[in-house]
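Dumped target_16.txt below, it's compact mmCIF, C-alpha atoms:
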```txt
# COMPACT_ATOMS: atom_id res chain seq x y z
CA MET A 1050 0.00 0.00 0.00
CA ALA A 1051 2.86 2.38 0.83
CA LEU A 1052 4.34 1.90 -2.61
CA LYS A 1053 1.03 2.67 -4.29
CA LEU A 1054 0.58 5.83 -2.26
CA GLY A 1055 4.12 6.86 -3.14
CA GLY A 1056 3.34 6.31 -6.82
CA LEU A 1057 0.20 8.41 -6.54
CA ALA A 1058 2.17 11.16 -4.85
CA LYS A 1059 4.59 11.16 -7.79
CA ALA A 1060 1.68 11.22 -10.20
CA ALA A 1061 0.27 14.18 -8.34
CA HIS A 1062 3.41 16.15 -9.10
CA GLY A 1063 3.19 15.17 -12.73
CA ASP A 1064 -0.46 16.17 -12.95
CA ALA A 1065 0.30 19.50 -11.30
CA ASN A 1066 2.24 20.58 -14.34
CA ARG A 1067 -0.73 19.88 -16.61
CA HIS A 1068 -3.27 21.96 -14.73
CA LYS A 1069 -3.58 25.68 -14.22
CA MET A 1070 -2.58 26.53 -10.65
CA LYS A 1071 -4.48 28.81 -8.33
CA LYS A 1072 -2.65 32.02 -7.51
CA LYS A 1073 -2.36 31.12 -3.83
CA ASP A 1074 -0.95 27.68 -4.57
CA PRO A 1075 1.63 27.92 -7.36
CA SER A 1076 3.47 24.68 -6.76
CA TRP A 1077 1.10 21.74 -6.41
CA VAL A 1078 -2.55 20.68 -6.79
CA ASN A 1079 -4.27 17.54 -5.64
CA PRO A 1080 -5.13 15.55 -8.82
CA PHE A 1081 -8.37 14.30 -7.26
CA ARG A 1082 -9.59 17.85 -6.65
CA VAL A 1083 -9.29 19.06 -10.23
CA GLY A 1084 -12.72 19.49 -11.83
CA ARG A 1085 -14.35 16.71 -9.79
CA GLY A 1086 -15.52 18.44 -6.64
CA GLU A 1087 -16.71 15.82 -4.16
CA ASN A 1088 -17.60 13.25 -6.82
CA LEU A 1089 -15.03 10.71 -5.60
CA THR A 1090 -15.16 7.04 -4.75
CA PRO A 1091 -14.45 6.09 -1.11
CA SER A 1092 -10.94 4.91 -2.01
CA GLU A 1093 -10.24 8.06 -4.02
CA SER A 1094 -11.49 10.19 -1.13
CA LEU A 1095 -9.08 8.44 1.24
CA VAL A 1096 -6.09 9.03 -1.05
CA ALA A 1097 -7.15 12.62 -1.77
CA ALA A 1098 -7.53 13.40 1.93
CA THR A 1099 -4.13 11.84 2.65
CA LEU A 1100 -2.47 13.96 -0.03
CA ASP A 1101 -4.19 17.06 1.39
CA GLU A 1102 -2.85 16.22 4.85
CA TRP A 1103 0.66 15.70 3.51
CA TYR A 1104 0.58 19.01 1.66
CA ALA A 1105 -0.80 20.90 4.68
CA ALA A 1106 1.93 19.40 6.87
CA LYS A 1107 4.61 20.44 4.38
CA HIS A 1108 3.20 23.94 3.83
CA PRO A 1109 2.34 25.46 7.22
CA LYS A 1110 1.65 29.14 7.76
CA SER A 1111 4.48 31.34 8.97
CA CYS A 1112 5.18 30.53 12.62
CA ASP A 1113 5.65 33.09 15.38
CA GLU A 1114 9.42 32.49 15.40
CA GLU A 1115 9.67 33.25 11.69
CA ILE A 1116 7.70 36.48 12.05
CA ALA A 1117 9.86 37.45 15.03
CA LEU A 1118 13.01 36.80 12.96
CA VAL A 1119 11.78 38.96 10.10
CA ASN A 1120 10.70 41.79 12.42
CA SER A 1121 14.07 41.69 14.21
CA LEU A 1122 15.92 42.67 11.02
CA LYS A 1123 17.25 46.21 11.06
CA VAL A 1124 15.86 48.35 8.25
CA SER A 1125 17.80 51.56 7.65
CA GLU A 1126 16.87 52.55 4.11
CA CYS A 1127 14.30 52.08 1.35
CA PRO A 1128 15.11 49.07 -0.86
CA PHE A 1129 13.64 50.89 -3.87
CA CYS A 1130 15.28 54.33 -3.81
CA GLY A 1131 17.86 54.08 -1.01
CA SER A 1132 16.37 56.92 1.03
CA LYS A 1133 16.81 56.80 4.80
CA SER A 1134 13.61 58.78 5.28
CA ILE A 1135 11.50 55.80 6.27
CA ALA A 1136 9.03 55.02 9.04
CA LYS A 1137 7.15 52.03 10.40
CA ASN A 1138 3.63 51.84 9.00
CA GLY A 1139 1.69 49.16 10.83
CA ARG A 1140 1.83 45.44 10.20
CA ARG A 1141 0.62 43.11 7.52
CA LYS A 1142 -2.08 40.50 8.20
CA ASP A 1143 0.60 37.91 8.97
CA GLY A 1144 2.16 40.16 11.62
CA ILE A 1145 5.24 41.27 9.64
CA GLN A 1146 6.27 44.89 10.12
CA ARG A 1147 5.52 47.25 7.23
CA TYR A 1148 7.46 50.41 6.34
CA LEU A 1149 6.74 53.53 4.28
CA CYS A 1150 9.34 55.52 2.38
CA HIS A 1151 8.65 59.26 2.59
CA ALA A 1152 10.86 59.89 -0.45
CA CYS A 1153 9.30 57.57 -3.05
CA GLY A 1154 6.05 56.78 -1.25
CA ARG A 1155 6.38 53.00 -1.58
CA PHE A 1156 5.62 50.42 1.10
CA PHE A 1157 7.95 47.57 1.93
CA ASN A 1158 8.90 45.06 4.64
CA PRO A 1159 12.22 43.70 6.00
CA LEU A 1160 12.34 40.96 3.32
CA THR A 1161 11.79 43.30 0.37
CA GLY A 1162 14.84 43.14 -1.88
CA THR A 1163 16.06 39.78 -0.52
CA VAL A 1164 15.77 36.25 -1.98
CA PHE A 1165 12.63 35.86 0.16
CA ASP A 1166 10.95 38.86 -1.44
CA SER A 1167 7.31 38.15 -2.44
CA ARG A 1168 7.50 34.64 -0.97
CA ARG A 1169 4.31 32.58 -0.89
CA ILE A 1170 5.72 29.70 1.13
CA PRO A 1171 6.99 30.20 4.70
CA ILE A 1172 10.75 30.53 5.12
CA SER A 1173 10.57 27.66 7.61
CA GLU A 1174 9.92 25.24 4.74
CA TRP A 1175 13.45 25.98 3.57
CA VAL A 1176 14.80 24.11 6.60
CA GLU A 1177 14.06 20.67 5.13
CA TYR A 1178 15.05 21.77 1.63
CA LEU A 1179 18.47 22.98 2.85
CA LEU A 1180 19.04 19.89 4.99
CA HIS A 1181 18.42 17.77 1.89
CA LEU A 1182 20.99 19.78 -0.06
CA PHE A 1183 23.50 19.45 2.77
CA GLU A 1184 22.94 15.68 2.79
CA PHE A 1185 23.66 15.41 -0.96
CA HIS A 1186 20.00 14.82 -1.91
CA SER A 1187 19.09 15.73 -5.48
CA VAL A 1188 16.86 18.75 -6.11
CA THR A 1189 14.23 16.53 -7.73
CA THR A 1190 13.86 14.14 -4.79
CA SER A 1191 13.86 17.05 -2.34
CA SER A 1192 11.03 18.74 -4.26
CA ARG A 1193 9.06 15.53 -4.26
CA ASP A 1194 9.52 15.05 -0.51
CA ASN A 1195 8.42 18.64 0.13
CA ARG A 1196 5.33 18.30 -2.10
CA ASN A 1197 6.64 21.08 -4.32
CA ALA A 1198 6.80 21.31 -8.09
CA LYS A 1199 10.19 20.42 -9.58
CA THR A 1200 10.53 23.99 -10.87
CA THR A 1201 10.16 25.27 -7.31
CA GLY A 1202 13.20 23.24 -6.27
CA PHE A 1203 15.32 24.74 -9.05
CA TYR A 1204 13.95 28.22 -8.34
CA TRP A 1205 15.05 27.88 -4.72
CA LEU A 1206 18.41 26.50 -5.86
CA SER A 1207 19.01 29.69 -7.84
CA LYS A 1208 18.35 31.60 -4.60
CA VAL A 1209 20.84 29.39 -2.76
CA PHE A 1210 23.49 30.13 -5.40
CA ALA A 1211 22.74 33.88 -5.22
CA THR A 1212 22.98 33.87 -1.43
CA LEU A 1213 26.27 31.96 -1.38
CA SER A 1214 27.86 33.85 -4.26
CA GLY A 1215 31.15 35.27 -3.01
CA CYS A 1216 31.01 33.22 0.21
CA GLN A 1217 34.65 32.16 -0.25
CA GLY A 1218 35.88 35.71 -0.67
CA GLY A 1219 37.39 35.93 2.80
CA VAL A 1220 39.23 32.60 2.72
CA MET A 1221 42.96 32.96 3.46
CA LEU A 1222 45.03 29.79 3.76
CA GLU A 1223 48.46 29.68 5.40
CA GLY A 1224 51.10 27.29 6.73
CA ARG A 1225 51.15 24.09 4.68
CA VAL A 1226 48.73 24.52 1.80
CA TRP A 1227 47.85 21.69 -0.60
CA LEU A 1228 46.92 22.67 -4.17
CA ASP A 1229 45.71 20.50 -7.01
CA GLU A 1230 43.09 20.39 -9.77
CA THR A 1231 40.31 17.93 -10.45
CA PHE A 1232 38.22 17.75 -13.62
CA VAL A 1233 34.57 17.36 -14.58
CA PRO A 1234 33.18 16.80 -18.10
CA VAL A 1235 31.48 19.55 -20.10
CA ASP A 1236 27.78 19.20 -20.94
CA ARG A 1237 27.15 16.20 -23.19
CA GLN A 1238 25.87 18.33 -26.09
CA GLU A 1239 29.10 20.36 -26.01
CA ARG A 1240 31.51 17.42 -26.12
CA VAL A 1241 33.95 17.37 -29.02
CA THR A 1242 34.84 14.12 -30.78
CA ARG A 1243 37.49 13.18 -33.32
CA GLY A 1244 36.57 10.50 -35.81
CA GLY A 1245 33.49 9.72 -33.74
CA LYS A 1246 35.59 9.00 -30.64
CA ARG A 1247 36.03 10.99 -27.43
CA LEU A 1248 39.19 12.99 -26.99
CA ARG A 1249 41.63 11.51 -24.48
CA GLY A 1250 43.61 13.17 -21.72
CA LEU A 1251 43.14 16.78 -20.65
CA SER A 1252 41.02 17.78 -23.61
CA ARG A 1253 38.58 20.66 -24.03
CA ASN A 1254 35.86 18.23 -22.96
CA LEU A 1255 36.96 18.77 -19.36
CA ILE A 1256 36.61 21.69 -16.94
CA ALA A 1257 39.24 22.14 -14.23
CA ILE A 1258 38.29 22.91 -10.64
CA GLY A 1259 41.18 24.12 -8.51
CA VAL A 1260 41.21 23.22 -4.82
CA ALA A 1261 43.57 24.62 -2.18
CA ALA A 1262 43.35 23.34 1.38
CA SER A 1263 45.12 23.65 4.72
CA GLU A 1264 44.48 22.20 8.15
CA HIS A 1265 42.04 25.03 8.86
CA GLY A 1266 40.23 25.75 5.63
CA MET A 1267 39.62 25.21 1.94
CA TYR A 1268 39.12 27.26 -1.20
CA ALA A 1269 37.65 25.86 -4.43
CA VAL A 1270 37.16 27.65 -7.73
CA VAL A 1271 36.14 26.71 -11.27
CA GLU A 1272 39.03 27.54 -13.61
CA TRP A 1273 36.93 27.34 -16.81
CA ALA A 1274 39.73 25.65 -18.72
CA SER A 1275 40.80 22.10 -19.45
CA LYS A 1276 44.45 22.95 -18.85
CA PRO A 1277 45.12 25.61 -16.17
CA SER A 1278 47.64 28.29 -17.11
CA LYS A 1279 50.19 30.12 -14.96
CA LYS A 1280 48.31 33.40 -15.28
CA ARG A 1281 44.87 31.92 -14.53
CA THR A 1282 46.11 29.96 -11.50
CA PHE A 1283 47.88 33.02 -10.11
CA GLU A 1284 44.86 35.30 -10.54
CA LEU A 1285 42.45 32.81 -8.92
CA PHE A 1286 44.59 31.85 -5.90
CA LYS A 1287 46.79 34.89 -5.16
CA GLY A 1288 44.24 36.37 -2.74
CA HIS A 1289 43.64 33.13 -0.86
CA ILE A 1290 47.13 31.85 0.05
CA ARG A 1291 49.27 33.74 2.55
CA PRO A 1292 52.67 34.80 1.10
CA GLY A 1293 55.51 32.73 2.51
CA SER A 1294 53.39 29.61 3.05
CA THR A 1295 54.49 26.15 1.94
CA LEU A 1296 52.71 24.92 -1.19
CA VAL A 1297 52.31 21.15 -1.38
CA HIS A 1298 51.56 20.27 -5.02
CA ASP A 1299 52.24 17.87 -7.87
CA GLY A 1300 54.73 20.10 -9.66
CA ASP A 1301 52.37 21.25 -12.40
CA ASN A 1302 53.90 24.16 -14.32
CA SER A 1303 50.74 26.26 -13.86
CA HIS A 1304 51.67 26.66 -10.18
CA SER A 1305 55.07 28.25 -10.85
CA LYS A 1306 53.98 31.90 -11.14
CA LEU A 1307 51.92 31.60 -7.94
CA ILE A 1308 54.94 30.20 -6.08
CA LYS A 1309 57.28 32.89 -7.39
CA GLU A 1310 55.02 35.92 -6.86
CA LEU A 1311 53.91 34.92 -3.33
CA GLY A 1312 57.34 33.67 -2.24
CA LEU A 1313 55.94 30.22 -1.43
CA VAL A 1314 58.08 27.27 -0.38
CA SER A 1315 57.50 24.55 -2.99
CA GLU A 1316 57.04 20.96 -1.82
CA VAL A 1317 56.58 18.77 -4.88
CA HIS A 1318 55.06 15.27 -5.00
CA PRO A 1319 54.72 14.22 -8.68
CA THR A 1320 51.66 12.20 -9.67
CA LYS A 1321 53.83 9.35 -10.95
CA GLU A 1322 55.20 8.91 -7.41
CA THR A 1323 51.92 9.19 -5.50
CA LYS A 1324 49.76 7.15 -7.88
CA GLY A 1325 48.69 3.89 -6.26
CA LEU A 1326 49.64 4.89 -2.71
CA ASP A 1327 47.02 4.31 -0.02
CA ASP A 1328 45.54 7.40 1.56
CA LYS A 1329 47.55 7.36 4.80
CA ASN A 1330 50.84 7.23 2.88
CA ASN A 1331 49.88 9.68 0.14
CA PRO A 1332 51.29 13.17 0.83
CA MET A 1333 48.51 14.63 -1.37
CA ASP A 1334 45.70 12.95 0.56
CA MET A 1335 44.51 16.24 2.10
CA VAL A 1336 43.41 17.64 -1.26
CA ASN A 1337 42.63 14.27 -2.87
CA ASN A 1338 40.03 13.59 -0.19
CA ILE A 1339 38.28 16.88 -0.97
CA HIS A 1340 38.36 16.06 -4.69
CA GLY A 1341 36.62 12.76 -4.00
CA LEU A 1342 33.88 14.37 -1.91
CA LEU A 1343 33.35 17.13 -4.47
CA LYS A 1344 32.97 14.66 -7.33
CA ARG A 1345 30.57 12.56 -5.31
CA PHE A 1346 28.53 15.67 -4.57
CA LEU A 1347 28.37 16.64 -8.24
CA ARG A 1348 27.43 13.09 -9.27
CA GLU A 1349 24.41 13.28 -6.97
CA HIS A 1350 23.34 16.24 -9.10
CA GLY A 1351 24.33 14.73 -12.44
CA GLY A 1352 21.97 16.95 -14.43
CA TYR A 1353 23.51 20.19 -13.19
CA ALA A 1354 24.08 22.93 -15.75
CA ARG A 1355 27.77 23.66 -16.21
CA ASP A 1356 26.91 27.38 -16.41
CA HIS A 1357 26.12 27.11 -12.69
CA LEU A 1358 29.18 25.03 -11.81
CA GLN A 1359 30.69 27.72 -9.55
CA GLY A 1360 27.37 27.87 -7.69
CA TRP A 1361 27.58 24.14 -7.01
CA VAL A 1362 31.22 24.51 -5.92
CA ASP A 1363 30.27 27.36 -3.54
CA LEU A 1364 27.50 25.16 -2.11
CA PHE A 1365 29.97 22.30 -1.62
CA TRP A 1366 32.36 24.68 0.14
CA PHE A 1367 29.55 25.86 2.43
CA ILE A 1368 28.67 22.24 3.29
CA TRP A 1369 32.33 21.32 3.89
CA SER A 1370 33.14 24.37 6.02
CA ASP A 1371 32.26 25.23 9.61
CA PRO A 1372 29.96 25.08 11.46
CA PRO A 1373 30.01 21.26 11.35
CA SER A 1374 26.33 20.87 12.33
CA ARG A 1375 24.01 20.96 9.33
CA TYR A 1376 21.33 22.53 11.50
CA GLU A 1377 23.69 25.38 12.38
CA LYS A 1378 24.45 25.74 8.67
CA VAL A 1379 20.75 26.34 8.02
CA ALA A 1380 20.77 29.16 10.57
CA VAL A 1381 23.92 30.65 9.00
CA PHE A 1382 22.31 30.48 5.55
CA PHE A 1383 19.19 32.30 6.79
CA GLN A 1384 21.35 35.09 8.17
CA LYS A 1385 23.12 35.46 4.83
CA ALA A 1386 19.85 35.34 2.90
CA VAL A 1387 17.88 37.92 4.89
CA LEU A 1388 20.81 40.35 5.04
CA GLY A 1389 21.69 40.01 1.36
CA LYS A 1390 20.05 42.25 -1.20
CA LYS A 1391 19.42 39.90 -4.09
CA VAL A 1392 16.05 39.38 -5.77
CA ILE A 1393 15.31 36.54 -8.18
CA ARG A 1394 11.91 36.48 -9.88
CA TYR A 1395 10.37 33.14 -10.81
CA ARG A 1396 9.08 34.25 -14.20
CA SER A 1397 12.30 35.98 -15.18
CA LEU A 1398 14.38 32.93 -14.26
CA PHE A 1399 12.40 30.43 -16.31
CA ARG A 1400 11.85 32.84 -19.18
CA LYS A 1401 15.63 32.99 -19.59
CA LYS A 1402 15.90 29.20 -19.49
CA LYS A 1403 13.41 28.80 -22.34
CA ARG A 1404 15.39 31.05 -24.66
```
Would you mind writing the file's structure down as C-alpha cells?
Amino acid sequence: MALKLGGLAKAAHGDANRHKMKKKDPSWVNPFRVGRGENLTPSESLVAATLDEWYAAKHPKSCDEEIALVNSLKVSECPFCGSKSIAKNGRRKDGIQRYLCHACGRFFNPLTGTVFDSRRIPISEWVEYLLHLFEFHSVTTSSRDNRNAKTTGFYWLSKVFATLSGCQGGVMLEGRVWLDETFVPVDRQERVTRGGKRLRGLSRNLIAIGVAASEHGMYAVVEWASKPSKKRTFELFKGHIRPGSTLVHDGDNSHSKLIKELGLVSEVHPTKETKGLDDKNNPMDMVNNIHGLLKRFLREHGGYARDHLQGWVDLFWFIWSDPPSRYEKVAVFFQKAVLGKKVIRYRSLFRKKKR
C-alpha cells in the first residue's frame, strides 16, 4: 500500500504541471480535486484526503518564530530608492512589520529586496530543503519530498546560489597549503569528438576545478579551462594563500607563477610517485580527499548545468566548512539570505531558461 501511495504522490506532481494553478498555490494541486468536486469514490477520497494532509503538513503558515526573525531585522533605508527617510507603517495581516518611504512613497517590509521577497511559502519550509541539499539529496527528490513542483526546487536553488555567491571571498590559507586540480566533463551536447571518438587526456571536454586546502580551511574555484595556465592559477589563488606559506603540489607548471610571486616554499610530489599509494601514505591525501567528496557531490546532481558550476562549488564549500552541524548551517544560511540584497523572480528565471 505504501508503494502505491508513493506512486500516486509522484503522479500528483506530474499532474500538477498539466493543470492551471491557483494564484495562492503555485506549486502543487491535488489531482483528485481538479474538476471533480466531491464526486469521488471512497478509495479516491481516502487518497485525496491523505495527499491534502501531507501538503498541509509540508506547507504550514508562517510561525511566530519566523515572524519574530523577520521583524528583528534592522531596516535603515528604502530598498527601492535608497532613502533613509522611512518610518514604520503598521503590520501586515501575517504580523510582519511594514514600512513607508517618505521619499518615493512606496511600502515595503524587511524581506523586500532579498531572496525571500514576495514569498508565498513560509521561510521555515526551507529548513528541510536545505538539509536535503547538505545531505547530498538531489533537487528533484527534495522537491518531491516537500510536495513542491520540480521547478520550485530549481527556483530555490538559484536563490541558494545567489545567497552563497562570493562566500569564499574571505578565505585565506596559510602554513602548509595543498593545491591540485580535479576535472569534470562539459555538458554532453558540447563534447567534441574526433573521428566519432572521445578525446583523451586533458582535452577541451573537461573543466578544471582548482582546490587549495590547509588544516584550517579550503578554497575551491572553477578555472573554466581544461588545462590551467600560470596566469589563470595566479589570478584565482593569489588572494587566498598567505605569502611565505608552503605549497604542497604535484609540480604542475601552472603553479610556478603563484609560487614565485607569493614567495611560497614549494614541496613537490609528482603524480607518478603518488599514484597507487594508499591514503595514509599519500602526501597529497589532504586535497585528494576533498576532490573525492566534491565529485561525489556533483554526481548526486548529475543533471547540473555547467553554467552554474561555480554555484555548485560554492554550495559544496559551504557544506564542507564550519559550522560542522548541518542545523547550524541552516541558521547561517538564513542570516546570509535575509541580510543580502538579491532578488530573483520566478518568471524571469524560467523565461531565460526557455530562450
Just how far from CA of Ser1370 in chain A is CA of Gly1266 in chain A, in Å to one decimal?
-> 7.2 Å
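Using all atoms listed in the file, the shortest contact distance between Arg1193 in chain A and any of A:Trp1369, A:Ser1294, A:Ala1261, A:Trp1103 is found at A:Trp1103.
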Which residues come within 10 Å of Arg1291 in chain A, counting all atoms listed in the file, excluding same-chain residues fewer than 2 positions away, as an MDAnalysis selection string?
-> chainID A and resid 1221:1224 1226 1286:1289 1293:1295 1311:1313
Shell around range 1187-1189 of chain A at 9 Å using only C-alpha atoms, local window under 5 positions removed, as JSON, numbers by chain | {"A": [1178, 1181, 1182, 1194, 1198, 1199, 1200, 1202, 1203, 1206, 1349, 1350, 1351]}
Between A:Asp1356, A:Glu1115, A:Glu1284, A:Glu1230, which one has atoms that come closest to Val1176 in chain A, using only C-alpha atoms?
-> A:Glu1115
Please provide as a list of chain:residue names all residues within 12 Å of Pro1372 in chain A, with the sequence filter that same-chain residues fewer than 5 positions apart are discarded (counting only C-alpha atoms).
-> A:Gly1266, A:Trp1366, A:Phe1367, A:Glu1377, A:Lys1378, A:Val1379, A:Ala1380, A:Val1381, A:Phe1382
Excluding same-chain residues fewer than 6 positions from Lys1391 in chain A, what lies within 12 Å of it counting all atoms listed in the file, as an NGL selection string?
-> :A and (1128 or 1160-1166 or 1207-1214 or 1385)
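Among A:Gly1219, A:Gly1144, A:Pro1080, A:Gly1341, the residue with the shortest atom-to-atom distance to Asp1101 in chain A, counting all atoms listed in the file, is A:Pro1080.
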Close residues, range 1322-1331 of chain A itself excluded, 12 Å, only C-alpha atoms, min 6 positions apart in chain, as a PyMOL selection string | chain A and resi 1297-1300+1337-1338+1341
Counting only C-alpha atoms, the residue of A:Asp1236, A:Asp1229, A:Asp1143, A:Glu1174 that sits nearest Ile1258 in chain A | A:Asp1229
Do you have the CA of Lys1280 in chain A-CA of Glu1310 in chain A distance handy?
-> 11.1 Å
Local residues around (33.8, 13.8, -13.7), at most 8 Å away, using only C-alpha atoms, as a ChimeraX atom specification | /A:1232-1234,1344,1348
Just give me the gap between CA of Ile1290 in chain A and CA of Val1220 in chain A in Å, one decimal is fine.
-> 8.4 Å
Point out the residue among A:Gly1259, A:Pro1332, A:Pro1277, A:Gly1389 with the least atom-to-atom distance to Ser1305 in chain A, counting all atoms listed in the file.
->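 Of the candidates, the smallest distance to Ser1305 in chain A is held by A:Pro1277.
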Your completed range 1301-1328 of chain A with N, CA and C atoms, as a short mmCIF file (atom, residue, chain, number, x, y, z; two decimals), keeping the file's coordinate frame:
```
data_model
loop_
_atom_site.label_atom_id
_atom_site.label_comp_id
_atom_site.auth_asym_id
_atom_site.auth_seq_id
_atom_site.Cartn_x
_atom_site.Cartn_y
_atom_site.Cartn_z
N ASP A 1301 52.91 20.75 -11.15
CA ASP A 1301 52.37 21.25 -12.40
C ASP A 1301 52.93 22.65 -12.68
N ASN A 1302 53.28 22.89 -13.94
CA ASN A 1302 53.90 24.16 -14.32
C ASN A 1302 52.99 25.37 -14.09
N SER A 1303 51.67 25.15 -14.06
CA SER A 1303 50.74 26.26 -13.86
C SER A 1303 50.85 26.86 -12.47
N HIS A 1304 51.52 26.17 -11.55
CA HIS A 1304 51.67 26.66 -10.18
C HIS A 1304 52.90 27.56 -10.01
N SER A 1305 53.76 27.60 -11.00
CA SER A 1305 55.07 28.25 -10.85
C SER A 1305 54.97 29.76 -10.61
N LYS A 1306 54.11 30.45 -11.32
CA LYS A 1306 53.98 31.90 -11.14
C LYS A 1306 53.44 32.21 -9.75
N LEU A 1307 52.49 31.41 -9.27
CA LEU A 1307 51.92 31.60 -7.94
C LEU A 1307 53.01 31.46 -6.88
N ILE A 1308 53.85 30.45 -7.03
CA ILE A 1308 54.94 30.20 -6.08
C ILE A 1308 55.93 31.36 -6.08
N LYS A 1309 56.29 31.81 -7.27
CA LYS A 1309 57.28 32.89 -7.39
C LYS A 1309 56.76 34.21 -6.83
N GLU A 1310 55.56 34.61 -7.23
CA GLU A 1310 55.02 35.92 -6.86
C GLU A 1310 54.69 36.01 -5.37
N LEU A 1311 54.27 34.90 -4.75
CA LEU A 1311 53.91 34.92 -3.33
C LEU A 1311 55.06 34.47 -2.43
N GLY A 1312 56.20 34.11 -3.04
CA GLY A 1312 57.34 33.67 -2.24
C GLY A 1312 57.03 32.40 -1.46
N LEU A 1313 56.34 31.46 -2.10
CA LEU A 1313 55.94 30.22 -1.43
C LEU A 1313 57.09 29.20 -1.45
N VAL A 1314 57.13 28.39 -0.42
CA VAL A 1314 58.08 27.27 -0.38
C VAL A 1314 57.42 26.12 -1.12
N SER A 1315 58.08 25.59 -2.14
CA SER A 1315 57.50 24.55 -2.99
C SER A 1315 57.87 23.15 -2.49
N GLU A 1316 56.85 22.36 -2.20
CA GLU A 1316 57.04 20.96 -1.82
C GLU A 1316 56.34 20.11 -2.87
N VAL A 1317 57.11 19.46 -3.72
CA VAL A 1317 56.58 18.77 -4.88
C VAL A 1317 56.47 17.26 -4.66
N HIS A 1318 55.29 16.72 -5.03
CA HIS A 1318 55.06 15.27 -5.00
C HIS A 1318 54.42 14.89 -6.34
N PRO A 1319 55.23 14.52 -7.34
CA PRO A 1319 54.72 14.22 -8.68
C PRO A 1319 53.68 13.10 -8.67
N THR A 1320 52.73 13.20 -9.58
CA THR A 1320 51.66 12.20 -9.67
C THR A 1320 52.20 10.80 -9.88
N LYS A 1321 53.27 10.68 -10.66
CA LYS A 1321 53.83 9.35 -10.95
C LYS A 1321 54.38 8.68 -9.69
N GLU A 1322 54.69 9.48 -8.66
CA GLU A 1322 55.20 8.91 -7.41
C GLU A 1322 54.08 8.61 -6.41
N THR A 1323 53.00 9.37 -6.48
CA THR A 1323 51.92 9.19 -5.50
C THR A 1323 50.82 8.26 -6.01
N LYS A 1324 50.79 8.01 -7.32
CA LYS A 1324 49.76 7.15 -7.88
C LYS A 1324 49.85 5.74 -7.30
N GLY A 1325 48.74 5.24 -6.81
CA GLY A 1325 48.69 3.89 -6.26
C GLY A 1325 48.94 3.81 -4.77
N LEU A 1326 49.40 4.90 -4.16
CA LEU A 1326 49.64 4.89 -2.71
C LEU A 1326 48.31 4.92 -1.96
N ASP A 1327 48.25 4.23 -0.81
CA ASP A 1327 47.02 4.31 -0.02
C ASP A 1327 46.96 5.67 0.64
N ASP A 1328 45.78 6.04 1.08
CA ASP A 1328 45.54 7.40 1.56
C ASP A 1328 46.51 7.83 2.67
#
```
